[in-house]
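Everything below belongs to protein-v3.csv, which stores CSV, C-alpha atoms and all ligand atoms.
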chain,number,residue,atom,x,y,z
A,1,MET,CA,-59.0,178.2,-126.8
A,2,TYR,CA,-62.5,179.5,-126.2
A,3,ILE,CA,-65.5,178.0,-128.0
A,4,ARG,CA,-68.8,179.8,-127.8
A,5,THR,CA,-72.1,180.3,-129.7
A,6,GLU,CA,-71.8,182.7,-132.7
A,7,LYS,CA,-72.9,186.3,-131.9
A,8,PRO,CA,-74.2,188.9,-134.4
A,9,GLU,CA,-70.9,190.8,-134.3
A,10,ASP,CA,-69.0,187.6,-135.4
A,11,LEU,CA,-70.6,187.5,-138.9
A,12,GLU,CA,-67.7,189.1,-140.8
A,13,GLY,CA,-65.1,187.0,-138.9
A,14,VAL,CA,-67.0,183.8,-139.7
A,15,ARG,CA,-67.1,184.8,-143.3
A,16,GLN,CA,-63.4,185.4,-143.4
A,17,VAL,CA,-62.7,182.0,-141.7
A,18,ASN,CA,-64.8,180.1,-144.3
A,19,ILE,CA,-63.4,182.0,-147.3
A,20,ALA,CA,-59.8,181.4,-146.1
A,21,ALA,CA,-60.3,177.7,-145.3
A,22,PHE,CA,-62.2,176.8,-148.4
A,23,GLY,CA,-60.4,179.2,-150.8
A,24,ARG,CA,-63.8,180.4,-152.2
A,25,GLU,CA,-67.0,182.2,-151.0
A,26,ASN,CA,-69.5,179.3,-151.5
A,27,GLU,CA,-69.4,178.0,-147.9
A,28,ALA,CA,-69.4,181.6,-146.4
A,29,ASN,CA,-72.4,182.4,-148.4
A,30,LEU,CA,-74.1,179.1,-147.4
A,31,VAL,CA,-73.5,180.0,-143.7
A,32,ASP,CA,-75.1,183.3,-144.3
A,33,ARG,CA,-78.1,181.7,-145.9
A,34,LEU,CA,-78.5,179.1,-143.1
A,35,ARG,CA,-78.5,181.7,-140.3
A,36,GLY,CA,-81.8,182.1,-138.6
A,37,ILE,CA,-83.3,178.8,-139.7
A,38,ALA,CA,-84.8,176.9,-136.8
A,39,SER,CA,-82.5,174.3,-135.2
A,40,THR,CA,-79.5,175.8,-137.0
A,41,PHE,CA,-76.6,176.9,-134.8
A,42,SER,CA,-73.0,178.0,-135.2
A,43,LEU,CA,-70.1,177.9,-132.8
A,44,VAL,CA,-66.9,179.9,-133.1
A,45,ALA,CA,-63.3,179.3,-131.8
A,46,LEU,CA,-61.3,182.3,-130.4
A,47,PRO,CA,-57.8,182.0,-128.9
A,48,SER,CA,-58.1,185.7,-128.2
A,49,ASP,CA,-60.4,188.3,-129.8
A,50,ARG,CA,-60.0,186.9,-133.3
A,51,ILE,CA,-62.3,184.2,-134.7
A,52,VAL,CA,-60.1,181.4,-136.1
A,53,GLY,CA,-62.6,178.6,-136.4
A,54,HIS,CA,-66.3,178.1,-137.1
A,55,ILE,CA,-68.8,175.1,-137.2
A,56,CYS,CA,-72.4,175.0,-138.3
A,57,PHE,CA,-75.2,172.5,-137.8
A,58,SER,CA,-78.5,172.6,-139.6
A,59,PRO,CA,-81.6,170.3,-139.8
A,60,VAL,CA,-81.8,167.5,-142.3
A,61,VAL,CA,-84.7,165.2,-143.2
A,62,VAL,CA,-84.9,161.6,-144.1
A,63,GLU,CA,-86.9,160.8,-147.2
A,64,GLY,CA,-88.0,157.2,-146.7
A,65,LYS,CA,-89.0,155.4,-143.6
A,66,CYS,CA,-88.3,157.3,-140.4
A,67,SER,CA,-90.1,158.4,-137.3
A,68,SER,CA,-91.2,162.0,-137.6
A,69,ASN,CA,-90.2,162.5,-134.0
A,70,LEU,CA,-86.6,162.0,-135.0
A,71,SER,CA,-84.5,165.2,-135.1
A,72,ILE,CA,-81.3,164.9,-137.1
A,73,LEU,CA,-78.7,167.6,-137.8
A,74,GLY,CA,-76.1,167.9,-140.6
A,75,LEU,CA,-72.7,169.1,-139.6
A,76,ALA,CA,-71.5,171.5,-142.3
A,77,PRO,CA,-69.4,173.4,-142.8
A,78,VAL,CA,-66.5,173.3,-140.4
A,79,ALA,CA,-63.6,175.6,-141.1
A,80,VAL,CA,-60.3,176.7,-139.4
A,81,LEU,CA,-58.1,179.5,-140.7
A,82,PRO,CA,-55.2,177.8,-142.6
A,83,GLU,CA,-52.5,179.1,-140.2
A,84,TYR,CA,-54.4,177.7,-137.2
A,85,GLN,CA,-55.1,174.2,-138.7
A,86,ARG,CA,-53.7,171.0,-137.2
A,87,GLN,CA,-53.6,172.4,-133.7
A,88,GLY,CA,-56.8,170.6,-132.5
A,89,ILE,CA,-59.2,173.5,-133.1
A,90,GLY,CA,-61.4,171.6,-135.6
A,91,THR,CA,-61.6,168.7,-133.1
A,92,LEU,CA,-62.6,171.1,-130.3
A,93,LEU,CA,-65.3,172.7,-132.5
A,94,ILE,CA,-66.7,169.3,-133.4
A,95,GLN,CA,-66.6,167.9,-129.9
A,96,HIS,CA,-68.4,171.0,-128.5
A,97,GLY,CA,-70.8,171.0,-131.4
A,98,LEU,CA,-71.8,167.4,-130.8
A,99,GLU,CA,-72.2,168.0,-127.1
A,100,GLU,CA,-74.5,170.9,-127.9
A,101,CYS,CA,-76.6,168.7,-130.3
A,102,ARG,CA,-76.9,166.1,-127.5
A,103,ARG,CA,-77.9,168.7,-124.9
A,104,SER,CA,-80.5,170.1,-127.2
A,105,GLY,CA,-82.1,166.7,-127.6
A,106,PHE,CA,-81.2,165.8,-131.2
A,107,GLN,CA,-80.9,162.1,-131.9
A,108,ALA,CA,-78.3,161.9,-134.7
A,109,VAL,CA,-75.9,164.0,-136.8
A,110,VAL,CA,-74.8,163.3,-140.4
A,111,VAL,CA,-71.6,164.6,-142.1
A,112,LEU,CA,-70.1,164.4,-145.5
A,113,GLY,CA,-66.3,164.4,-145.2
A,114,HIS,CA,-63.1,162.5,-144.7
A,115,PRO,CA,-63.8,159.1,-142.9
A,116,ASP,CA,-60.5,159.1,-141.1
A,117,PHE,CA,-61.2,162.4,-139.5
A,118,TYR,CA,-64.8,162.0,-138.6
A,119,SER,CA,-64.5,158.4,-137.3
A,120,ARG,CA,-62.5,159.8,-134.4
A,121,PHE,CA,-65.8,161.3,-133.1
A,122,GLY,CA,-67.8,158.0,-133.5
A,123,PHE,CA,-69.2,158.7,-137.0
A,124,ILE,CA,-69.7,155.5,-139.1
A,125,PRO,CA,-70.8,155.1,-142.7
A,126,ALA,CA,-74.4,156.1,-142.9
A,127,SER,CA,-75.1,153.1,-145.2
A,128,ARG,CA,-74.6,150.9,-142.1
A,129,LYS,CA,-77.8,152.5,-140.7
A,130,SER,CA,-79.6,152.2,-144.1
A,131,LEU,CA,-79.2,155.9,-144.9
A,132,LYS,CA,-77.8,157.3,-148.0
A,133,SER,CA,-76.7,160.7,-149.3
A,134,GLU,CA,-78.7,162.7,-151.8
A,135,TYR,CA,-75.3,163.5,-153.5
A,136,ASP,CA,-73.2,161.1,-155.6
A,137,VAL,CA,-70.4,160.6,-153.1
A,138,PRO,CA,-68.3,157.6,-152.0
A,139,ASP,CA,-70.2,155.4,-149.6
A,140,GLU,CA,-67.7,155.9,-146.7
A,141,ALA,CA,-67.7,159.7,-147.1
A,142,PHE,CA,-71.3,160.1,-145.9
A,143,MET,CA,-71.4,159.3,-142.2
A,144,VAL,CA,-73.8,159.3,-139.3
A,145,LEU,CA,-73.4,159.5,-135.5
A,146,GLU,CA,-76.3,158.3,-133.3
A,147,LEU,CA,-76.4,160.5,-130.2
A,148,GLU,CA,-78.8,158.0,-128.6
A,149,SER,CA,-77.8,154.4,-129.3
A,150,GLY,CA,-80.3,152.5,-131.5
A,151,THR,CA,-82.3,155.6,-132.4
A,152,LEU,CA,-82.0,155.0,-136.2
A,153,GLN,CA,-82.9,151.3,-136.1
A,154,ASP,CA,-86.2,151.8,-137.8
A,155,CYS,CA,-85.0,154.5,-140.1
A,156,SER,CA,-84.0,154.1,-143.8
A,157,GLY,CA,-83.9,156.4,-146.8
A,158,THR,CA,-82.1,159.4,-148.4
A,159,VAL,CA,-80.9,162.2,-146.2
A,160,LYS,CA,-81.7,165.7,-147.6
A,161,TYR,CA,-79.9,168.8,-146.5
A,162,ARG,CA,-81.7,172.2,-146.4
A,163,SER,CA,-82.4,173.6,-149.9
A,164,GLU,CA,-79.9,176.4,-149.1
A,165,PHE,CA,-77.2,173.8,-149.7
A,166,SER,CA,-78.2,173.3,-153.3
A,167,LEU,CA,-76.8,176.7,-154.1
A,168,CYS,CA,-73.4,175.8,-152.6
A,169,GLU,CA,-71.7,174.2,-155.5
B,201,LIG,C1,-61.1,170.2,-141.6
B,201,LIG,C2,-60.6,171.2,-140.7
B,201,LIG,C3,-61.8,172.0,-140.1
B,201,LIG,C4,-59.9,170.6,-139.5
B,201,LIG,O1,-59.5,171.5,-138.6
B,201,LIG,P1,-58.1,171.4,-137.8
B,201,LIG,O2,-58.1,172.4,-136.7
B,201,LIG,O3,-57.0,171.4,-138.7
B,201,LIG,O4,-58.3,170.0,-137.2
B,201,LIG,P2,-57.5,169.3,-136.0
B,201,LIG,O5,-56.2,170.0,-135.7
B,201,LIG,O6,-58.4,169.1,-134.8
B,201,LIG,O7,-57.3,167.9,-136.5
B,201,LIG,C5,-56.4,167.7,-137.6
B,201,LIG,C6,-56.5,166.3,-138.1
B,201,LIG,O8,-57.5,166.3,-139.1
B,201,LIG,C7,-57.1,165.6,-140.2
B,201,LIG,N1,-57.6,166.3,-141.3
B,201,LIG,C8,-57.9,167.6,-141.4
B,201,LIG,N2,-58.4,167.9,-142.6
B,201,LIG,C9,-58.5,166.8,-143.3
B,201,LIG,C10,-58.9,166.4,-144.6
B,201,LIG,N3,-59.4,167.3,-145.4
B,201,LIG,N4,-58.7,165.1,-144.9
B,201,LIG,C11,-58.2,164.2,-144.1
B,201,LIG,N5,-57.8,164.5,-142.8
B,201,LIG,C12,-57.9,165.8,-142.4
B,201,LIG,C13,-55.6,165.7,-140.2
B,201,LIG,O9,-55.1,164.5,-140.7
B,201,LIG,C14,-55.3,165.9,-138.7
B,201,LIG,O10,-54.9,164.8,-138.2
B,201,LIG,P3,-53.4,164.6,-137.6
B,201,LIG,O11,-53.1,165.9,-136.9
B,201,LIG,O12,-53.5,163.4,-136.7
B,201,LIG,O13,-52.6,164.4,-138.8
B,201,LIG,C15,-59.6,172.2,-141.4
B,201,LIG,O14,-58.5,171.5,-141.9
B,201,LIG,C16,-60.2,173.1,-142.5
B,201,LIG,O15,-60.7,174.1,-142.2
B,201,LIG,N6,-60.1,172.6,-143.7
B,201,LIG,C17,-60.6,173.3,-144.9
B,201,LIG,C18,-62.1,173.3,-144.9
B,201,LIG,C19,-62.7,171.9,-144.9
B,201,LIG,O16,-62.3,171.0,-145.7
B,201,LIG,N7,-63.7,171.6,-144.0
B,201,LIG,C20,-64.2,170.3,-143.9
B,201,LIG,C21,-65.3,170.0,-144.8
B,201,LIG,S1,-66.9,170.8,-144.4
Exercise: express the given structure as structure tokens:
Amino acid sequence: MYIRTEKPEDLEGVRQVNIAAFGRENEANLVDRLRGIASTFSLVALPSDRIVGHICFSPVVVEGKCSSNLSILGLAPVAVLPEYQRQGIGTLLIQHGLEECRRSGFQAVVVLGHPDFYSRFGFIPASRKSLKSEYDVPDEAFMVLELESGTLQDCSGTVKYRSEFSLCE
């Protein structure tokens, strides 16, 4: 499996992966809206010449008390074509993505998703770091991963995704 940064020629393949995985166009449209925003990046997974998985990271802000030097990303969406799911591709995309976030100097990543899945990568409920979601979601579903240990210790408040997400529902 080959994981690499998304290229301009991947756009249609990325759309198809998101539409097939989510069964609707909302996430594919979100990815199109996010593209080009500073600090946003996407990776794709290719077993051969076909894109079968995609992951996107985009900047979030904390409304509350937090150092302005802190750079936090939101992981969303991540998608794998249904016929390629449960083969470890999602895991590889997340691992590579988090490594890229680390390498690029980001301090933390948030995600909204299934706790059993994301805890495998070290994500913990964001509430344990005094952070909450702007959305009305179960406490354990909104998670955070510190890429530098202790980096969130003086941080608290509501995490806001880019405004492009508000059109996603
Ligand atoms: C979530 C997703 C990206 C995972 O990709 P994947 O390639 O199937 O993941 P992996 O094979 O690396 O890991 C599969 C594990 O994730 C778990 N998992 C996957 N999706 C899950 C979900 N929605 N809820 C709970 N667990 C889930 C499975 O239990 C599985 O664990 P197991 O193999 O030990 O049983 C993929 O299932 C997908 O595209 N889903 C639809 C879109 C979506 O819901 N994206 C996440 C929200 S942004």
Please give me, as an MDAnalysis selection string, the residues lying within 7 Å of ligand LIG 201 (chain B) when counting only C-alpha atoms and all ligand atoms. chainID A and resid 21:22 76:82 84:92 113:114 116:117
Taking only residues of stretch 110-130 of chain A that have an atom at most 12 Å from an atom of stretch 52-69 of chain A, what is each one's shortest atom pair and its distance in Å to one decimal, using all atoms listed in the file, in chain and number order, as JSON lines?
{"residue": "A:Val110", "atom": "CA", "partner": "A:Val60", "partner_atom": "CA", "distance": 8.4}
{"residue": "A:Val111", "atom": "CA", "partner": "A:Phe57", "partner_atom": "CA", "distance": 9.7}
{"residue": "A:Ala126", "atom": "CA", "partner": "A:Val62", "partner_atom": "CA", "distance": 11.9}
{"residue": "A:Lys129", "atom": "CA", "partner": "A:Cys66", "partner_atom": "CA", "distance": 11.5}
{"residue": "A:Ser130", "atom": "CA", "partner": "A:Lys65", "partner_atom": "CA", "distance": 9.9}
Go through A:Leu73, A:Leu93, A:Cys155, A:Leu112 and flag the residue nearest A:Ala141, using all atoms listed in the file for the distances.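 For A:Ala141, the nearest of the given residues is A:Leu112.
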Excluding A:Pro125 and its own-chain neighbours fewer than 3 positions away, which residues fall within 8 Å of it when counting all atoms listed in the file? Please give them as a PyMOL selection string. chain A and resi 128-129+139-144
One residue among A:Ser156, A:Thr5, A:Ser166, A:Gln107 is nearest to A:Leu70 when using all atoms listed in the file, and that residue is A:Gln107
Would you please work out which residue, of A:Glu6, A:Asn18, A:Leu131, A:Phe123, is nearest to A:Gln153 when using all atoms listed in the file? A:Leu131
Excluding stretch 145-147 of chain A and its own-chain neighbours fewer than 3 positions away, which residues fall within 8 Å of it when counting only C-alpha atoms? Please give them as a ChimeraX atom specification. /A:102,106-110,122-124,150-152
Measuring atom to atom with only C-alpha atoms, identify which of A:Val159, A:Ser48, A:Met1, A:Leu167 is nearest to A:Gly74.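 Using only C-alpha atoms, A:Gly74 sits closest to A:Val159.
Going from atom CA of A:Glu164 to atom CA of A:Arg33 covers 6.4 Å.
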Point-to-point distance in Å for atom CA of A:Tyr2 and atom CA of A:Ile94: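 Computed distance, atom CA of A:Ile94 to atom CA of A:Tyr2, equals 13.2 Å.
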Restricting the calculation to only C-alpha atoms: of A:Glu148, A:Ala38, A:Tyr135, A:Glu99, which residue gets closest to A:Lys160? A:Tyr135
Please report the interatomic distance between atom CA of A:Ile72 and atom CA of A:Gln16 in Å with one decimal.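 We find that atom CA of A:Ile72 and atom CA of A:Gln16 lie 27.9 Å from each other.
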Distance criterion (all atoms listed in the file): nearest to A:Ile51 out of A:Leu98, A:Tyr161, A:Arg103, A:Lys7: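 Closest candidate: A:Lys7.
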